[in-house]
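Below is data.pdb, which holds PDB, C-alpha atoms, pLDDT in the B column.
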ATOM      1  CA  PHE A   1     -52.121  62.797 -64.526  1.00 67.00           C
ATOM      2  CA  SER A   2     -53.918  61.071 -67.408  1.00 71.00           C
ATOM      3  CA  TYR A   3     -52.683  63.676 -69.899  1.00 69.00           C
ATOM      4  CA  TYR A   4     -48.996  63.259 -69.068  1.00 69.00           C
ATOM      5  CA  ILE A   5     -49.327  59.481 -68.791  1.00 73.00           C
ATOM      6  CA  ALA A   6     -50.788  59.402 -72.309  1.00 70.00           C
ATOM      7  CA  ASN A   7     -48.345  61.748 -74.044  1.00 71.00           C
ATOM      8  CA  ARG A   8     -45.269  60.097 -72.458  1.00 73.00           C
ATOM      9  CA  LYS A   9     -43.558  63.410 -71.773  1.00 73.00           C
ATOM     10  CA  PHE A  10     -42.377  62.112 -68.401  1.00 74.00           C
ATOM     11  CA  PRO A  11     -41.673  58.547 -67.214  1.00 75.00           C
ATOM     12  CA  SER A  12     -44.906  56.943 -66.087  1.00 78.00           C
ATOM     13  CA  GLU A  13     -43.393  55.716 -62.808  1.00 80.00           C
ATOM     14  CA  GLU A  14     -42.598  59.321 -61.811  1.00 79.00           C
ATOM     15  CA  ILE A  15     -46.157  60.442 -62.494  1.00 81.00           C
ATOM     16  CA  ILE A  16     -47.608  57.490 -60.582  1.00 81.00           C
ATOM     17  CA  SER A  17     -45.310  58.183 -57.630  1.00 83.00           C
ATOM     18  CA  LEU A  18     -46.301  61.861 -57.708  1.00 81.00           C
ATOM     19  CA  SER A  19     -49.979  60.891 -57.632  1.00 81.00           C
ATOM     20  CA  PHE A  20     -49.352  58.817 -54.493  1.00 83.00           C
ATOM     21  CA  VAL A  21     -47.598  61.709 -52.767  1.00 83.00           C
ATOM     22  CA  ILE A  22     -50.257  64.251 -53.720  1.00 83.00           C
ATOM     23  CA  SER A  23     -53.073  61.924 -52.648  1.00 83.00           C
ATOM     24  CA  ILE A  24     -51.590  61.595 -49.161  1.00 84.00           C
ATOM     25  CA  VAL A  25     -50.405  65.184 -48.628  1.00 85.00           C
ATOM     26  CA  LEU A  26     -53.372  66.968 -50.198  1.00 84.00           C
ATOM     27  CA  GLY A  27     -55.838  64.506 -48.676  1.00 85.00           C
ATOM     28  CA  LEU A  28     -54.497  65.006 -45.160  1.00 87.00           C
ATOM     29  CA  LEU A  29     -54.428  68.772 -45.683  1.00 88.00           C
ATOM     30  CA  MET A  30     -58.062  68.796 -46.821  1.00 86.00           C
ATOM     31  CA  ALA A  31     -59.033  66.588 -43.876  1.00 85.00           C
ATOM     32  CA  ALA A  32     -57.311  69.013 -41.488  1.00 86.00           C
ATOM     33  CA  VAL A  33     -59.118  71.974 -43.079  1.00 85.00           C
ATOM     34  CA  PHE A  34     -62.416  70.126 -42.768  1.00 82.00           C
ATOM     35  CA  LEU A  35     -61.804  69.434 -39.085  1.00 82.00           C
ATOM     36  CA  GLY A  36     -60.894  73.073 -38.586  1.00 83.00           C
ATOM     37  CA  VAL A  37     -64.150  74.193 -40.194  1.00 79.00           C
ATOM     38  CA  VAL A  38     -66.084  71.719 -38.036  1.00 77.00           C
ATOM     39  CA  ASN A  39     -64.481  72.994 -34.841  1.00 78.00           C
ATOM     40  CA  PHE A  40     -64.971  76.603 -35.914  1.00 76.00           C
ATOM     41  CA  ASN A  41     -68.734  76.177 -36.300  1.00 72.00           C
ATOM     42  CA  ARG A  42     -69.762  72.963 -34.581  1.00 70.00           C
ATOM     43  CA  SER A  43     -73.448  73.912 -34.627  1.00 72.00           C
ATOM     44  CA  ILE A  44     -73.663  73.038 -38.334  1.00 66.00           C
ATOM     45  CA  TRP A  45     -72.737  69.444 -37.503  1.00 72.00           C
ATOM     46  CA  GLU A  46     -74.934  69.189 -34.429  1.00 73.00           C
ATOM     47  CA  GLY A  47     -76.028  65.614 -33.877  1.00 74.00           C
ATOM     48  CA  VAL A  48     -73.118  64.098 -35.826  1.00 77.00           C
ATOM     49  CA  PRO A  49     -70.748  62.156 -33.508  1.00 82.00           C
ATOM     50  CA  ASN A  50     -67.101  63.215 -33.456  1.00 82.00           C
ATOM     51  CA  ASP A  51     -65.855  59.710 -34.244  1.00 85.00           C
ATOM     52  CA  MET A  52     -68.041  59.655 -37.349  1.00 86.00           C
ATOM     53  CA  LEU A  53     -66.571  62.964 -38.530  1.00 83.00           C
ATOM     54  CA  LEU A  54     -63.043  61.675 -37.929  1.00 85.00           C
ATOM     55  CA  PHE A  55     -63.786  58.513 -39.888  1.00 87.00           C
ATOM     56  CA  ALA A  56     -65.215  60.589 -42.747  1.00 85.00           C
ATOM     57  CA  CYS A  57     -61.995  62.649 -42.811  1.00 84.00           C
ATOM     58  CA  TRP A  58     -59.951  59.535 -43.566  1.00 83.00           C
ATOM     59  CA  LEU A  59     -62.129  58.973 -46.620  1.00 87.00           C
ATOM     60  CA  ILE A  60     -60.809  62.189 -48.199  1.00 86.00           C
ATOM     61  CA  PRO A  61     -57.243  60.979 -48.989  1.00 87.00           C
ATOM     62  CA  LEU A  62     -58.658  57.572 -49.911  1.00 88.00           C
ATOM     63  CA  HIS A  63     -61.036  59.207 -52.382  1.00 86.00           C
ATOM     64  CA  LEU A  64     -58.225  61.299 -53.896  1.00 85.00           C
ATOM     65  CA  PHE A  65     -56.038  58.203 -54.194  1.00 87.00           C
ATOM     66  CA  SER A  66     -58.808  56.252 -55.927  1.00 87.00           C
ATOM     67  CA  ASN A  67     -59.650  59.141 -58.251  1.00 85.00           C
ATOM     68  CA  ASN A  68     -55.986  59.624 -59.244  1.00 83.00           C
ATOM     69  CA  LEU A  69     -55.661  55.926 -60.009  1.00 85.00           C
ATOM     70  CA  LEU A  70     -58.688  56.150 -62.292  1.00 84.00           C
ATOM     71  CA  ARG A  71     -57.016  58.988 -64.195  1.00 82.00           C
ATOM     72  CA  ILE A  72     -53.818  56.971 -64.500  1.00 83.00           C
ATOM     73  CA  LEU A  73     -55.695  53.982 -65.931  1.00 83.00           C
ATOM     74  CA  MET A  74     -57.351  56.321 -68.412  1.00 81.00           C
ATOM     75  CA  GLY A  75     -53.951  57.672 -69.439  1.00 79.00           C
ATOM     76  CA  PHE A  76     -52.731  54.131 -70.142  1.00 80.00           C
ATOM     77  CA  ASN A  77     -55.889  53.579 -72.220  1.00 78.00           C
ATOM     78  CA  ARG A  78     -56.809  50.626 -70.014  1.00 81.00           C
ATOM     79  CA  ILE A  79     -60.509  51.154 -70.624  1.00 79.00           C
ATOM     80  CA  TYR A  80     -61.550  47.579 -69.850  1.00 83.00           C
ATOM     81  CA  GLU A  81     -59.835  47.630 -66.443  1.00 84.00           C
ATOM     82  CA  LEU A  82     -61.153  51.153 -65.822  1.00 82.00           C
ATOM     83  CA  ASN A  83     -64.755  50.115 -66.411  1.00 83.00           C
ATOM     84  CA  LEU A  84     -64.279  46.905 -64.437  1.00 87.00           C
ATOM     85  CA  CYS A  85     -62.952  48.798 -61.411  1.00 85.00           C
ATOM     86  CA  GLN A  86     -65.769  51.335 -61.549  1.00 85.00           C
ATOM     87  CA  LEU A  87     -68.303  48.504 -61.769  1.00 87.00           C
ATOM     88  CA  ALA A  88     -66.672  46.740 -58.811  1.00 88.00           C
ATOM     89  CA  LYS A  89     -66.814  49.959 -56.797  1.00 88.00           C
ATOM     90  CA  ALA A  90     -70.539  50.337 -57.449  1.00 89.00           C
ATOM     91  CA  VAL A  91     -71.231  46.668 -56.670  1.00 91.00           C
ATOM     92  CA  PHE A  92     -69.308  46.695 -53.378  1.00 91.00           C
ATOM     93  CA  TYR A  93     -70.900  49.977 -52.324  1.00 91.00           C
ATOM     94  CA  LEU A  94     -74.396  48.726 -53.113  1.00 92.00           C
ATOM     95  CA  GLY A  95     -73.673  45.405 -51.409  1.00 92.00           C
ATOM     96  CA  GLY A  96     -72.406  47.203 -48.325  1.00 92.00           C
ATOM     97  CA  ILE A  97     -75.515  49.385 -48.201  1.00 91.00           C
ATOM     98  CA  ILE A  98     -77.794  46.338 -48.459  1.00 93.00           C
ATOM     99  CA  VAL A  99     -75.959  44.356 -45.777  1.00 91.00           C
ATOM    100  CA  LEU A 100     -74.970  47.075 -43.322  1.00 91.00           C
ATOM    101  CA  VAL A 101     -77.823  49.551 -43.673  1.00 89.00           C
ATOM    102  CA  LEU A 102     -80.855  47.523 -44.699  1.00 90.00           C
ATOM    103  CA  ILE A 103     -80.108  44.217 -42.959  1.00 90.00           C
ATOM    104  CA  LEU A 104     -77.873  45.065 -39.993  1.00 89.00           C
ATOM    105  CA  LYS A 105     -79.423  48.529 -39.448  1.00 87.00           C
ATOM    106  CA  LYS A 106     -76.095  50.329 -38.973  1.00 86.00           C
ATOM    107  CA  GLY A 107     -77.424  53.607 -40.309  1.00 85.00           C
ATOM    108  CA  MET A 108     -74.912  56.280 -41.271  1.00 86.00           C
ATOM    109  CA  TRP A 109     -72.023  54.154 -40.054  1.00 90.00           C
ATOM    110  CA  GLY A 110     -73.096  51.532 -42.571  1.00 90.00           C
ATOM    111  CA  VAL A 111     -72.988  54.099 -45.366  1.00 89.00           C
ATOM    112  CA  LEU A 112     -69.486  55.299 -44.410  1.00 90.00           C
ATOM    113  CA  ILE A 113     -68.116  51.773 -44.020  1.00 92.00           C
ATOM    114  CA  SER A 114     -69.631  50.752 -47.374  1.00 91.00           C
ATOM    115  CA  MET A 115     -68.050  53.762 -49.026  1.00 90.00           C
ATOM    116  CA  CYS A 116     -64.683  53.010 -47.442  1.00 90.00           C
ATOM    117  CA  LEU A 117     -64.857  49.333 -48.399  1.00 90.00           C
ATOM    118  CA  SER A 118     -65.729  50.095 -52.020  1.00 90.00           C
ATOM    119  CA  MET A 119     -62.860  52.589 -52.380  1.00 89.00           C
ATOM    120  CA  VAL A 120     -60.339  50.234 -50.747  1.00 90.00           C
ATOM    121  CA  VAL A 121     -61.355  47.374 -53.042  1.00 88.00           C
ATOM    122  CA  VAL A 122     -61.304  49.435 -56.234  1.00 88.00           C
ATOM    123  CA  SER A 123     -58.003  51.145 -55.301  1.00 89.00           C
ATOM    124  CA  SER A 124     -56.395  47.769 -54.622  1.00 89.00           C
ATOM    125  CA  GLY A 125     -57.653  46.521 -57.974  1.00 88.00           C
ATOM    126  CA  MET A 126     -56.283  49.533 -59.839  1.00 86.00           C
ATOM    127  CA  VAL A 127     -52.900  49.248 -58.117  1.00 86.00           C
ATOM    128  CA  PHE A 128     -52.822  45.613 -59.219  1.00 87.00           C
ATOM    129  CA  CYS A 129     -53.601  46.669 -62.815  1.00 84.00           C
ATOM    130  CA  ILE A 130     -50.654  49.090 -62.953  1.00 82.00           C
ATOM    131  CA  ARG A 131     -48.299  47.066 -60.750  1.00 82.00           C
ATOM    132  CA  THR A 132     -45.766  46.661 -63.584  1.00 80.00           C
ATOM    133  CA  GLU A 133     -45.496  50.458 -63.901  1.00 77.00           C
ATOM    134  CA  ILE A 134     -44.812  51.031 -60.195  1.00 74.00           C
ATOM    135  CA  ARG A 135     -41.020  51.040 -59.797  1.00 72.00           C
ATOM    136  CA  GLN A 136     -40.588  53.632 -57.062  1.00 70.00           C
ATOM    137  CA  LEU A 137     -42.868  54.937 -54.358  1.00 68.00           C
ATOM    138  CA  PHE A 138     -43.082  58.484 -52.998  1.00 66.00           C
ATOM    139  CA  PHE A 139     -40.595  59.919 -55.508  1.00 69.00           C
ATOM    140  CA  PHE A 140     -41.206  63.644 -55.958  1.00 69.00           C
ATOM    141  CA  ASN A 141     -40.076  65.305 -59.181  1.00 70.00           C
ATOM    142  CA  VAL A 142     -40.490  69.075 -58.956  1.00 74.00           C
ATOM    143  CA  GLU A 143     -40.673  69.580 -62.729  1.00 74.00           C
ATOM    144  CA  VAL A 144     -43.357  66.924 -63.115  1.00 73.00           C
ATOM    145  CA  PHE A 145     -45.296  68.477 -60.245  1.00 73.00           C
ATOM    146  CA  PHE A 146     -45.341  71.980 -61.738  1.00 76.00           C
ATOM    147  CA  GLN A 147     -46.207  70.688 -65.203  1.00 75.00           C
ATOM    148  CA  CYS A 148     -49.107  68.647 -63.819  1.00 71.00           C
ATOM    149  CA  PHE A 149     -50.202  71.544 -61.609  1.00 73.00           C
ATOM    150  CA  SER A 150     -50.157  73.977 -64.529  1.00 76.00           C
ATOM    151  CA  TYR A 151     -52.297  71.667 -66.633  1.00 70.00           C
ATOM    152  CA  GLY A 152     -54.530  70.658 -63.729  1.00 72.00           C
ATOM    153  CA  ILE A 153     -55.383  74.192 -62.590  1.00 76.00           C
ATOM    154  CA  LYS A 154     -56.622  75.041 -66.083  1.00 73.00           C
ATOM    155  CA  SER A 155     -58.708  71.879 -66.182  1.00 72.00           C
ATOM    156  CA  TYR A 156     -60.095  72.636 -62.715  1.00 70.00           C
ATOM    157  CA  LEU A 157     -61.136  76.158 -63.737  1.00 78.00           C
ATOM    158  CA  LEU A 158     -62.888  74.739 -66.794  1.00 75.00           C
ATOM    159  CA  ILE A 159     -64.718  72.160 -64.650  1.00 72.00           C
ATOM    160  CA  LEU A 160     -65.682  74.863 -62.149  1.00 73.00           C
ATOM    161  CA  ILE A 161     -67.056  77.110 -64.897  1.00 79.00           C
ATOM    162  CA  ASN A 162     -69.026  74.207 -66.367  1.00 74.00           C
ATOM    163  CA  PHE A 163     -70.395  73.333 -62.931  1.00 71.00           C
ATOM    164  CA  LEU A 164     -71.582  76.899 -62.371  1.00 73.00           C
ATOM    165  CA  ASN A 165     -73.022  76.959 -65.885  1.00 74.00           C
ATOM    166  CA  TYR A 166     -75.052  73.796 -65.240  1.00 72.00           C
ATOM    167  CA  ARG A 167     -75.990  74.426 -61.589  1.00 73.00           C
ATOM    168  CA  LEU A 168     -76.271  78.175 -61.140  1.00 78.00           C
ATOM    169  CA  ASP A 169     -79.922  78.007 -62.126  1.00 79.00           C
ATOM    170  CA  LEU A 170     -80.632  75.901 -59.022  1.00 79.00           C
ATOM    171  CA  PHE A 171     -79.275  78.613 -56.737  1.00 76.00           C
ATOM    172  CA  ILE A 172     -81.278  81.274 -58.555  1.00 81.00           C
ATOM    173  CA  LEU A 173     -84.441  79.162 -58.445  1.00 81.00           C
ATOM    174  CA  LYS A 174     -83.911  78.486 -54.730  1.00 77.00           C
ATOM    175  CA  HIS A 175     -84.106  82.218 -54.105  1.00 78.00           C
ATOM    176  CA  PHE A 176     -87.608  82.442 -55.615  1.00 81.00           C
ATOM    177  CA  ARG A 177     -89.160  79.007 -55.019  1.00 77.00           C
ATOM    178  CA  SER A 178     -89.590  76.459 -52.238  1.00 81.00           C
ATOM    179  CA  ASN A 179     -87.279  73.523 -51.571  1.00 76.00           C
ATOM    180  CA  LEU A 180     -89.907  71.124 -52.921  1.00 80.00           C
ATOM    181  CA  GLU A 181     -90.127  72.916 -56.262  1.00 82.00           C
ATOM    182  CA  VAL A 182     -86.345  73.131 -56.510  1.00 80.00           C
ATOM    183  CA  GLY A 183     -86.165  69.391 -55.808  1.00 81.00           C
ATOM    184  CA  TYR A 184     -88.615  68.623 -58.631  1.00 83.00           C
ATOM    185  CA  TYR A 185     -86.637  70.860 -60.971  1.00 83.00           C
ATOM    186  CA  ALA A 186     -83.309  69.252 -60.018  1.00 81.00           C
ATOM    187  CA  LEU A 187     -84.796  65.782 -60.601  1.00 83.00           C
ATOM    188  CA  ALA A 188     -86.063  66.791 -64.047  1.00 85.00           C
ATOM    189  CA  VAL A 189     -82.684  68.299 -64.955  1.00 80.00           C
ATOM    190  CA  GLY A 190     -80.891  65.127 -63.818  1.00 80.00           C
ATOM    191  CA  ILE A 191     -83.127  62.979 -66.017  1.00 83.00           C
ATOM    192  CA  ALA A 192     -82.638  65.295 -68.998  1.00 79.00           C
ATOM    193  CA  GLU A 193     -78.850  65.219 -68.561  1.00 75.00           C
ATOM    194  CA  MET A 194     -78.831  61.427 -68.909  1.00 76.00           C
ATOM    195  CA  VAL A 195     -78.710  61.933 -72.697  1.00 75.00           C
ATOM    196  CA  TRP A 196     -75.088  63.025 -72.199  1.00 73.00           C
ATOM    197  CA  ILE A 197     -74.038  59.598 -70.872  1.00 71.00           C
ATOM    198  CA  ILE A 198     -73.176  58.219 -74.307  1.00 72.00           C
ATOM    199  CA  PRO A 199     -71.197  61.291 -75.522  1.00 70.00           C
ATOM    200  CA  ASP A 200     -69.388  61.510 -72.179  1.00 68.00           C
ATOM    201  CA  SER A 201     -68.428  57.830 -72.361  1.00 68.00           C
ATOM    202  CA  THR A 202     -66.389  58.494 -75.486  1.00 70.00           C
ATOM    203  CA  ILE A 203     -64.076  60.824 -73.571  1.00 68.00           C
ATOM    204  CA  ALA A 204     -62.294  57.966 -71.809  1.00 64.00           C
ATOM    205  CA  THR A 205     -61.508  56.223 -75.105  1.00 68.00           C
ATOM    206  CA  LEU A 206     -60.574  59.307 -77.133  1.00 68.00           C
ATOM    207  CA  PHE A 207     -58.601  61.237 -74.519  1.00 65.00           C
ATOM    208  CA  PRO A 208     -55.421  59.035 -74.423  1.00 64.00           C
ATOM    209  CA  ALA A 209     -55.129  59.090 -78.228  1.00 65.00           C
ATOM    210  CA  ILE A 210     -55.667  62.855 -78.426  1.00 66.00           C
ATOM    211  CA  ALA A 211     -53.195  63.533 -75.601  1.00 62.00           C
ATOM    212  CA  ALA A 212     -50.569  61.325 -77.259  1.00 62.00           C
ATOM    213  CA  SER A 213     -50.934  63.050 -80.642  1.00 63.00           C
ATOM    214  CA  LYS A 214     -48.280  65.560 -81.624  1.00 55.00           C
TER     215      LYS A 214
END

Using the file provided, produce a representation of the structure as structure tokens.
Amino acid sequence: FSYYIANRKFPSEEIISLSFVISIVLGLLMAAVFLGVVNFNRSIWEGVPNDMLLFACWLIPLHLFSNNLLRILMGFNRIYELNLCQLAKAVFYLGGIIVLVLILKKGMWGVLISMCLSMVVVSSGMVFCIRTEIRQLFFFNVEVFFQCFSYGIKSYLLILINFLNYRLDLFILKHFRSNLEVGYYALAVGIAEMVWIIPDSTIATLFPAIAASK
């Protein structure tokens, strides 16, 4: 969505509306698939209450909605609002963990509620930031959908290849070493990858300009 928002090929309100539709439809579909997998092999989730699994399912469309809104803000080059919303999400999540888990001792329910609260707050904030661009809700343009899908599937394959490139070594190491050694290795890799924070942060600022260039 950020690419087509930035290059102005389609009206922004159509892309925003499409993101709303996809967040709901795809999120509910993924939640249904997850529930199907759970029911197919319930032993994997032994000890996890059913109501907790159902609550976690509702987080899937909420997460997609929040993630799509982040991409839309990036496409508009609203970097300040983007960073502010991400900071607010982290603050509300951490605050929820402190209050619900550490103080009130709500355990896993506290984690899920904190996650839900942080996503609701940040999504509301992002909707407020782009409120002037929202002129129609749940409008589905087939051409916009296929264009976004065509671009998105290529981006997804690239992300998947990069993920396997960066994480395949963990699976190989797991075959030869113990979980403890793999954990130490993963921790070391995570610390080493922190040097990419600064280069990665430039993507959000450069992407809208590059996408808008002819």

Take CA of Phe34 in chain A and CA of Cys57 in chain A and report the distance between them in Å, one decimal.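 Answer for the CA of Phe34 in chain A to CA of Cys57 in chain A separation: 7.5 Å.
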
So that I can check the surroundings of Val25 in chain A, please list as number ranges by chain every protein, DNA and RNA residue that reaches within 12 Å of it, counting all atoms listed in the file and ignoring chain neighbours fewer than 3 positions away. A: 18-22, 28-32, 60-62, 64-65, 138, 140

Would you put the residues from that selection into a file with C-alpha atoms, as an mmCIF file, keeping the file's coordinate frame?
data_model
loop_
_atom_site.group_PDB
_atom_site.id
_atom_site.type_symbol
_atom_site.label_atom_id
_atom_site.label_comp_id
_atom_site.auth_asym_id
_atom_site.auth_seq_id
_atom_site.Cartn_x
_atom_site.Cartn_y
_atom_site.Cartn_z
ATOM 1 C CA LEU A 18 -46.301 61.861 -57.708
ATOM 2 C CA SER A 19 -49.979 60.891 -57.632
ATOM 3 C CA PHE A 20 -49.352 58.817 -54.493
ATOM 4 C CA VAL A 21 -47.598 61.709 -52.767
ATOM 5 C CA ILE A 22 -50.257 64.251 -53.720
ATOM 6 C CA LEU A 28 -54.497 65.006 -45.160
ATOM 7 C CA LEU A 29 -54.428 68.772 -45.683
ATOM 8 C CA MET A 30 -58.062 68.796 -46.821
ATOM 9 C CA ALA A 31 -59.033 66.588 -43.876
ATOM 10 C CA ALA A 32 -57.311 69.013 -41.488
ATOM 11 C CA ILE A 60 -60.809 62.189 -48.199
ATOM 12 C CA PRO A 61 -57.243 60.979 -48.989
ATOM 13 C CA LEU A 62 -58.658 57.572 -49.911
ATOM 14 C CA LEU A 64 -58.225 61.299 -53.896
ATOM 15 C CA PHE A 65 -56.038 58.203 -54.194
ATOM 16 C CA PHE A 138 -43.082 58.484 -52.998
ATOM 17 C CA PHE A 140 -41.206 63.644 -55.958
#

Please define a box with edges along x, y and z of the file around all atoms of range 16-25 of chain A given in the file, extend it by 4 Å on each side, and return its centre and edge lengths in Å to one decimal, as JSON.
{"center_x": -49.2, "center_y": 61.3, "center_z": -54.6, "size_x": 15.8, "size_y": 15.7, "size_z": 20.0}

Please evaluate the PyMOL selection byres ((chain A and resi 97) around 12) against the displayed coordinates and give the resulting residues as a list in words. Ala90, Val91, Phe92, Tyr93, Leu94, Gly95, Gly96, Ile98, Val99, Leu100, Val101, Leu102, Ile103, Leu104, Lys105, Lys106, Gly107, Met108, Trp109, Gly110, Val111, Leu112, Ile113, Ser114, Met115, Cys116, Leu117 and Ser118 of chain A

Interatomic distance (Å, one decimal) between CA of Leu87 in chain A and CA of Val122 in chain A: 9.0 Å

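Take the candidates A:Phe145, A:Tyr151, A:Trp45, A:Phe163 and check each one against Ile16 in chain A using only C-alpha atoms; the shortest distance goes to A:Phe145.
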
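Distances from A:Leu69, A:Ala88, A:Ile161, A:Val33 to Met126 in chain A were compared using all atoms listed in the file, and the smallest one belongs to A:Leu69.
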
Taking into account all atoms listed in the file, which residue in the set A:Glu143, A:Val120, A:Tyr166, A:Arg177 is nearest to Ala192 in chain A?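 Among the listed residues, A:Tyr166 lies closest to Ala192 in chain A.
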
Separation of CA of Ser124 in chain A from CA of Lys89 in chain A, in Å and rounded to one decimal: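 Interatomic distance, CA of Ser124 in chain A to CA of Lys89 in chain A: 10.9 Å.
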
If the PyMOL selection byres ((chain A and resi 148) around 12) is run on the structure shown, which residues does it catch, given as a list of chain:residue names?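 Checked against the file, the PyMOL selection byres ((chain A and resi 148) around 12) matches A:Phe1, A:Ser2, A:Tyr3, A:Tyr4, A:Ile5, A:Lys9, A:Phe10, A:Glu14, A:Ile15, A:Ile16, A:Leu18, A:Ser19, A:Ile22, A:Asn141, A:Val142, A:Glu143, A:Val144, A:Phe145, A:Phe146, A:Gln147, A:Phe149, A:Ser150, A:Tyr151, A:Gly152, A:Ile153, A:Lys154, A:Ser155, A:Tyr156.
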
Using the selection just defined, write its residues with C-alpha atoms as a PDB file, in the frame of the given file.
ATOM      1  CA  PHE A   1     -52.121  62.797 -64.526  1.00 67.00           C
ATOM      2  CA  SER A   2     -53.918  61.071 -67.408  1.00 71.00           C
ATOM      3  CA  TYR A   3     -52.683  63.676 -69.899  1.00 69.00           C
ATOM      4  CA  TYR A   4     -48.996  63.259 -69.068  1.00 69.00           C
ATOM      5  CA  ILE A   5     -49.327  59.481 -68.791  1.00 73.00           C
ATOM      6  CA  LYS A   9     -43.558  63.410 -71.773  1.00 73.00           C
ATOM      7  CA  PHE A  10     -42.377  62.112 -68.401  1.00 74.00           C
ATOM      8  CA  GLU A  14     -42.598  59.321 -61.811  1.00 79.00           C
ATOM      9  CA  ILE A  15     -46.157  60.442 -62.494  1.00 81.00           C
ATOM     10  CA  ILE A  16     -47.608  57.490 -60.582  1.00 81.00           C
ATOM     11  CA  LEU A  18     -46.301  61.861 -57.708  1.00 81.00           C
ATOM     12  CA  SER A  19     -49.979  60.891 -57.632  1.00 81.00           C
ATOM     13  CA  ILE A  22     -50.257  64.251 -53.720  1.00 83.00           C
ATOM     14  CA  ASN A 141     -40.076  65.305 -59.181  1.00 70.00           C
ATOM     15  CA  VAL A 142     -40.490  69.075 -58.956  1.00 74.00           C
ATOM     16  CA  GLU A 143     -40.673  69.580 -62.729  1.00 74.00           C
ATOM     17  CA  VAL A 144     -43.357  66.924 -63.115  1.00 73.00           C
ATOM     18  CA  PHE A 145     -45.296  68.477 -60.245  1.00 73.00           C
ATOM     19  CA  PHE A 146     -45.341  71.980 -61.738  1.00 76.00           C
ATOM     20  CA  GLN A 147     -46.207  70.688 -65.203  1.00 75.00           C
ATOM     21  CA  PHE A 149     -50.202  71.544 -61.609  1.00 73.00           C
ATOM     22  CA  SER A 150     -50.157  73.977 -64.529  1.00 76.00           C
ATOM     23  CA  TYR A 151     -52.297  71.667 -66.633  1.00 70.00           C
ATOM     24  CA  GLY A 152     -54.530  70.658 -63.729  1.00 72.00           C
ATOM     25  CA  ILE A 153     -55.383  74.192 -62.590  1.00 76.00           C
ATOM     26  CA  LYS A 154     -56.622  75.041 -66.083  1.00 73.00           C
ATOM     27  CA  SER A 155     -58.708  71.879 -66.182  1.00 72.00           C
ATOM     28  CA  TYR A 156     -60.095  72.636 -62.715  1.00 70.00           C
TER      29      TYR A 156
END

Given the choices A:Val182, A:Leu173, A:Cys85, A:Leu59, which gets closest to Gly125 in chain A if the distance is worked out from all atoms listed in the file? A:Cys85

Using only C-alpha atoms, pick whichever of A:Phe171, A:Phe40, A:Phe128, A:Trp58 has the shortest atom-to-atom distance to Glu81 in chain A.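 That would be A:Phe128, the residue with the smallest distance to Glu81 in chain A.
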
With all atoms listed in the file as the basis for distance, which of A:Arg71, A:Ile134, A:Ser66, A:Asn41 is at the shortest distance from Val121 in chain A? A:Ser66
